[in-house]
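> Once you've had a glance at the structure underneath, I'll fire off some questions.
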Amino acid sequence: MLEINNVSKHYTLKQKIYGNDALKQIDLTIGSGEIVGLFGENGAGKTTLMKCILGFLPYQGQITLDGAPITHSNIERLSFATSEHSLFPNLTAEAHRQFYQEHFPRFIDKRFTGLMDFFELPMHKPLRGFSTGQKNQFEVILALCQGADYILMDEPFAGNDIFNREDFYKVLLGILEPNETILLSTHLIEEVSNFISRAVLIRQGQIVGDVMAAELEESGTPLMAYIKQTYHYSADRVSRALDDITGGEV
Amino acid sequence: MTRIDLSRYAPPGTNIRQEIKVLCAGLFCAACCAVLVYGIALRQAYADLFELSYLGVERVLRPDAVMPPFDVLLHRGLWLFYLLALGALANAVLFHLSYYTGGSKSIYLMRRLPQRWELIRRAITLPLLGAAICLLSALALRLLFLGVYYLITPPQCLP
């Protein structure tokens, strides 16, 4: 179980003084086997939260994995796929596989080969020659094959076409083991709503919504509607803005 | 003899051969400079030990001739080696660490590795080795120059 207790994060002193922390007293528990969608507007704190979990950023509060702080002794239980890509440009896919096999003993070689074949990615071409979409795919493949229990993905599909994304969702559901947990940050709400088990909404550094997919289904509320409701989204804001801009001429 | 895989001590994918070439070129230039600086100083100091004879035909050792101390002659001859060593260490910060953050953010992978010291090990090992080679080369050259100093200096002219 991944437990995030009272986690706060500020990047600048000004943020701290004026209370505009990037993360404000986040409390979140993610159980084993969940597929959690993390949603929020740009700058809400999704990436900051993931980086705090992985230990990339200092923070106040506590983050534990099955009761233990996340250190070098258990960090291999977490993997990370980021839209910024965490790849070595001059290495081939094969060389990346060898690197992962050397450093992550639980690396799943069979899954790696299968996903590489499925996405038709070249094994012996340096990563610098991959397209952005291919790099996204390879980034996700490595995260899924590391052998981690908790797979964090930060907007992994930016730049991939819809066919690619849909294929990937299907493959993802098919290959995940019951003990593998996904924390997926994405703006593609409607695409992922069909396969996530839980939706967590974050806004201005705070969790404003946390709902199980089953509850939404039971109540007949689509995920998008729940998000709009939680964000107090005003449906007429576009027309009001246009009126302001054009002076009501349109 | 077991070959050491240097790629295990550098950021994955860096061009180690290029770094070795740069180091060798630097060492060659530093050695040339040192030989030049010391050679000129030693030649001049040696020439100053002698004067023309009464008849002005041959050069004879001056009665009060004393060779300047070795360190005075060497002066700044080896400074380029020390600068090279410093440059190798600076390379660790400027190039090897920035390698992980330029373009693709492989720093996110390196900081997730269970092997705690892997990131630092790959960043500083080769530059430290380069710096050590520079300093050892400087020491070897210093010993060589010292040998030449004692070889050519008349015993009665030693300081």
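Numbering starts fresh at 1 for the residues of each chain in the structure tokens, the chains themselves are lettered A, B, ... in the order given, and ligands are numbered from 1 as they appear.
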Hey, what's within 12 Å of Pro178 in chain A if we count only C-alpha atoms and toss same-chain stuff fewer than 5 positions away? As a PyMOL selection string, please?

chain A and resi 31-35+149-150+173

> Please produce an output containing all heavy atoms for each residue in the selection, written as a PDB file, in the first residue's frame.


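part-v4.pdb, freshly written:
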ATOM      1  N   GLY A  31      -4.088   1.428  -2.836  1.00  0.00           N
ATOM      2  CA  GLY A  31      -3.925   0.016  -2.516  1.00  0.00           C
ATOM      3  C   GLY A  31      -3.366  -0.772  -3.685  1.00  0.00           C
ATOM      4  O   GLY A  31      -3.342  -0.310  -4.831  1.00  0.00           O
ATOM      5  N   SER A  32      -2.943  -1.961  -3.396  1.00  0.00           N
ATOM      6  CA  SER A  32      -2.362  -2.836  -4.405  1.00  0.00           C
ATOM      7  C   SER A  32      -3.420  -3.231  -5.432  1.00  0.00           C
ATOM      8  O   SER A  32      -4.550  -3.545  -5.083  1.00  0.00           O
ATOM      9  CB  SER A  32      -1.803  -4.075  -3.704  1.00  0.00           C
ATOM     10  OG  SER A  32      -1.253  -4.957  -4.640  1.00  0.00           O
ATOM     11  N   GLY A  33      -3.055  -3.197  -6.698  1.00  0.00           N
ATOM     12  CA  GLY A  33      -3.951  -3.634  -7.756  1.00  0.00           C
ATOM     13  C   GLY A  33      -4.885  -2.566  -8.307  1.00  0.00           C
ATOM     14  O   GLY A  33      -5.631  -2.832  -9.240  1.00  0.00           O
ATOM     15  N   GLU A  34      -4.831  -1.365  -7.744  1.00  0.00           N
ATOM     16  CA  GLU A  34      -5.728  -0.314  -8.246  1.00  0.00           C
ATOM     17  C   GLU A  34      -5.187   0.298  -9.536  1.00  0.00           C
ATOM     18  O   GLU A  34      -3.977   0.326  -9.758  1.00  0.00           O
ATOM     19  CB  GLU A  34      -5.862   0.805  -7.203  1.00  0.00           C
ATOM     20  CG  GLU A  34      -6.629   0.385  -5.955  1.00  0.00           C
ATOM     21  CD  GLU A  34      -7.016   1.605  -5.126  1.00  0.00           C
ATOM     22  OE1 GLU A  34      -7.924   2.330  -5.549  1.00  0.00           O
ATOM     23  OE2 GLU A  34      -6.417   1.830  -4.057  1.00  0.00           O
ATOM     24  N   ILE A  35      -6.101   0.785 -10.366  1.00  0.00           N
ATOM     25  CA  ILE A  35      -5.712   1.578 -11.531  1.00  0.00           C
ATOM     26  C   ILE A  35      -6.316   2.960 -11.297  1.00  0.00           C
ATOM     27  O   ILE A  35      -7.521   3.173 -11.453  1.00  0.00           O
ATOM     28  CB  ILE A  35      -6.218   0.984 -12.849  1.00  0.00           C
ATOM     29  CG1 ILE A  35      -5.703  -0.448 -13.013  1.00  0.00           C
ATOM     30  CG2 ILE A  35      -5.776   1.845 -14.029  1.00  0.00           C
ATOM     31  CD1 ILE A  35      -6.197  -1.155 -14.267  1.00  0.00           C
ATOM     32  N   ASP A 149       5.836  -2.857  -8.448  1.00  0.00           N
ATOM     33  CA  ASP A 149       4.483  -3.071  -7.951  1.00  0.00           C
ATOM     34  C   ASP A 149       3.613  -1.842  -8.200  1.00  0.00           C
ATOM     35  O   ASP A 149       2.402  -1.948  -8.354  1.00  0.00           O
ATOM     36  CB  ASP A 149       4.507  -3.362  -6.448  1.00  0.00           C
ATOM     37  CG  ASP A 149       5.270  -4.639  -6.148  1.00  0.00           C
ATOM     38  OD1 ASP A 149       5.117  -5.612  -6.910  1.00  0.00           O
ATOM     39  OD2 ASP A 149       6.037  -4.663  -5.161  1.00  0.00           O
ATOM     40  N   TYR A 150       4.252  -0.659  -8.210  1.00  0.00           N
ATOM     41  CA  TYR A 150       3.527   0.589  -8.414  1.00  0.00           C
ATOM     42  C   TYR A 150       4.126   1.301  -9.621  1.00  0.00           C
ATOM     43  O   TYR A 150       5.303   1.653  -9.622  1.00  0.00           O
ATOM     44  CB  TYR A 150       3.610   1.485  -7.161  1.00  0.00           C
ATOM     45  CG  TYR A 150       2.821   0.928  -6.007  1.00  0.00           C
ATOM     46  CD1 TYR A 150       3.364  -0.066  -5.185  1.00  0.00           C
ATOM     47  CD2 TYR A 150       1.523   1.364  -5.748  1.00  0.00           C
ATOM     48  CE1 TYR A 150       2.624  -0.607  -4.145  1.00  0.00           C
ATOM     49  CE2 TYR A 150       0.780   0.830  -4.699  1.00  0.00           C
ATOM     50  CZ  TYR A 150       1.348  -0.166  -3.918  1.00  0.00           C
ATOM     51  OH  TYR A 150       0.612  -0.693  -2.882  1.00  0.00           O
ATOM     52  N   LEU A 173      -4.508  -3.517 -19.953  1.00  0.00           N
ATOM     53  CA  LEU A 173      -5.440  -4.275 -19.116  1.00  0.00           C
ATOM     54  C   LEU A 173      -5.156  -5.764 -19.202  1.00  0.00           C
ATOM     55  O   LEU A 173      -5.352  -6.494 -18.229  1.00  0.00           O
ATOM     56  CB  LEU A 173      -6.885  -3.993 -19.551  1.00  0.00           C
ATOM     57  CG  LEU A 173      -7.428  -2.621 -19.173  1.00  0.00           C
ATOM     58  CD1 LEU A 173      -8.814  -2.423 -19.746  1.00  0.00           C
ATOM     59  CD2 LEU A 173      -7.458  -2.446 -17.658  1.00  0.00           C
TER      60      LEU A 173
END

> If you take only C-alpha atoms and a cut-off of 9 Å, which residues of chain A touch chain B, and what are their nearest atom pairs and distances in Å to one decimal, in chain and number order, as JSON lines?


{"residue": "A:Leu54", "atom": "CA", "partner": "B:Arg112", "partner_atom": "CA", "distance": 7.4}
{"residue": "A:Gly55", "atom": "CA", "partner": "B:Arg111", "partner_atom": "CA", "distance": 8.4}
{"residue": "A:Phe56", "atom": "CA", "partner": "B:Arg111", "partner_atom": "CA", "distance": 7.5}
{"residue": "A:Thr71", "atom": "CA", "partner": "B:Pro114", "partner_atom": "CA", "distance": 8.3}
{"residue": "A:His72", "atom": "CA", "partner": "B:Pro114", "partner_atom": "CA", "distance": 4.7}
{"residue": "A:Ser73", "atom": "CA", "partner": "B:Pro114", "partner_atom": "CA", "distance": 6.2}
{"residue": "A:Asn74", "atom": "CA", "partner": "B:Pro114", "partner_atom": "CA", "distance": 7.4}
{"residue": "A:Ile75", "atom": "CA", "partner": "B:Pro114", "partner_atom": "CA", "distance": 6.2}
{"residue": "A:Glu76", "atom": "CA", "partner": "B:Pro114", "partner_atom": "CA", "distance": 6.1}
{"residue": "A:Leu78", "atom": "CA", "partner": "B:Arg112", "partner_atom": "CA", "distance": 8.2}
{"residue": "A:Ser79", "atom": "CA", "partner": "B:Arg112", "partner_atom": "CA", "distance": 7.9}
{"residue": "A:Phe80", "atom": "CA", "partner": "B:Leu109", "partner_atom": "CA", "distance": 8.0}
{"residue": "A:Thr82", "atom": "CA", "partner": "B:Tyr108", "partner_atom": "CA", "distance": 8.9}
{"residue": "A:Glu84", "atom": "CA", "partner": "B:Lys105", "partner_atom": "CA", "distance": 6.3}
{"residue": "A:His85", "atom": "CA", "partner": "B:Ser104", "partner_atom": "CA", "distance": 5.4}
{"residue": "A:Ser86", "atom": "CA", "partner": "B:Ser106", "partner_atom": "CA", "distance": 3.9}
{"residue": "A:Leu87", "atom": "CA", "partner": "B:Ser106", "partner_atom": "CA", "distance": 5.0}
{"residue": "A:Phe88", "atom": "CA", "partner": "B:Ser106", "partner_atom": "CA", "distance": 6.1}
{"residue": "A:Pro89", "atom": "CA", "partner": "B:Ser104", "partner_atom": "CA", "distance": 6.9}
{"residue": "A:Asn90", "atom": "CA", "partner": "B:Gly13", "partner_atom": "CA", "distance": 4.9}
{"residue": "A:Leu91", "atom": "CA", "partner": "B:Gly13", "partner_atom": "CA", "distance": 5.4}
{"residue": "A:Phe99", "atom": "CA", "partner": "B:Pro12", "partner_atom": "CA", "distance": 8.7}
{"residue": "A:His103", "atom": "CA", "partner": "B:Leu113", "partner_atom": "CA", "distance": 6.7}
{"residue": "A:Phe104", "atom": "CA", "partner": "B:Pro114", "partner_atom": "CA", "distance": 7.6}

> Just asking: which residues within range 62-115 of chain A are strand (DSSP E or B) according to DSSP, as a list in words?

Gln62, Ile63, Thr64, Leu65, Ala68, Pro69, Leu78, Ser79, Phe80, Ala81, Thr82 and Thr92 of chain A

> Between A:His187, A:Arg77, A:Arg106, A:Arg240, which has the minimum distance to Cys145 in chain A (counting only C-alpha atoms)?

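Of all the options, A:Arg106 lies closest to Cys145 in chain A.
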
> Assign secondary structure with DSSP using the backbone only, and return the residues of range 9-108 of chain B in helix (DSSP H, G or I) as a PyMOL selection string.

chain B and resi 9+16-47+70-74+79-100+107-108

> Mind writing the picked residues with C-alpha atoms as a compact mmCIF listing (two decimals), in the first residue's frame?


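File written: again_16.txt
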# COMPACT_ATOMS: atom_id res chain seq x y z
CA TYR B 9 32.08 3.93 -15.20
CA ILE B 16 34.46 7.28 -23.94
CA ARG B 17 36.92 6.98 -26.82
CA GLN B 18 36.44 10.68 -27.55
CA GLU B 19 37.07 11.57 -23.90
CA ILE B 20 40.25 9.47 -23.88
CA LYS B 21 41.43 11.17 -27.08
CA VAL B 22 40.83 14.60 -25.56
CA LEU B 23 42.74 13.60 -22.42
CA CYS B 24 45.67 12.22 -24.45
CA ALA B 25 45.77 15.37 -26.56
CA GLY B 26 45.75 17.46 -23.40
CA LEU B 27 48.54 15.41 -21.84
CA PHE B 28 50.65 15.70 -25.00
CA CYS B 29 50.21 19.48 -25.13
CA ALA B 30 50.97 19.83 -21.42
CA ALA B 31 54.10 17.66 -21.77
CA CYS B 32 55.33 19.67 -24.75
CA CYS B 33 54.80 22.91 -22.84
CA ALA B 34 56.62 21.57 -19.79
CA VAL B 35 59.57 20.36 -21.86
CA LEU B 36 59.72 23.71 -23.64
CA VAL B 37 59.54 25.83 -20.48
CA TYR B 38 61.99 23.72 -18.51
CA GLY B 39 64.27 23.11 -21.48
CA ILE B 40 64.68 26.80 -22.20
CA ALA B 41 65.26 27.63 -18.50
CA LEU B 42 67.75 24.79 -18.03
CA ARG B 43 69.67 25.66 -21.19
CA GLN B 44 69.97 29.29 -20.16
CA ALA B 45 70.99 28.41 -16.60
CA TYR B 46 73.59 25.94 -17.87
CA ALA B 47 75.02 28.50 -20.28
CA PHE B 70 65.65 22.82 -9.60
CA ASP B 71 62.31 24.25 -8.49
CA VAL B 72 63.31 27.71 -9.68
CA LEU B 73 64.12 26.35 -13.12
CA LEU B 74 60.95 24.26 -13.26
CA TRP B 79 51.06 24.18 -14.30
CA LEU B 80 49.33 22.98 -17.45
CA PHE B 81 49.16 19.49 -15.96
CA TYR B 82 47.51 20.84 -12.84
CA LEU B 83 45.04 22.82 -14.94
CA LEU B 84 44.31 19.68 -16.94
CA ALA B 85 43.60 17.78 -13.72
CA LEU B 86 41.24 20.53 -12.61
CA GLY B 87 39.57 20.49 -16.00
CA ALA B 88 38.98 16.75 -15.76
CA LEU B 89 37.19 17.21 -12.45
CA ALA B 90 35.16 20.12 -13.77
CA ASN B 91 34.16 17.83 -16.63
CA ALA B 92 32.33 15.65 -14.11
CA VAL B 93 29.97 18.45 -13.23
CA LEU B 94 29.69 20.16 -16.58
CA PHE B 95 29.34 17.17 -18.88
CA HIS B 96 28.69 13.88 -17.13
CA LEU B 97 25.96 15.19 -14.79
CA SER B 98 24.39 17.47 -17.42
CA TYR B 99 24.26 14.43 -19.71
CA TYR B 100 21.39 13.13 -17.58
CA ILE B 107 18.26 11.55 -14.29
CA TYR B 108 14.79 10.27 -13.34
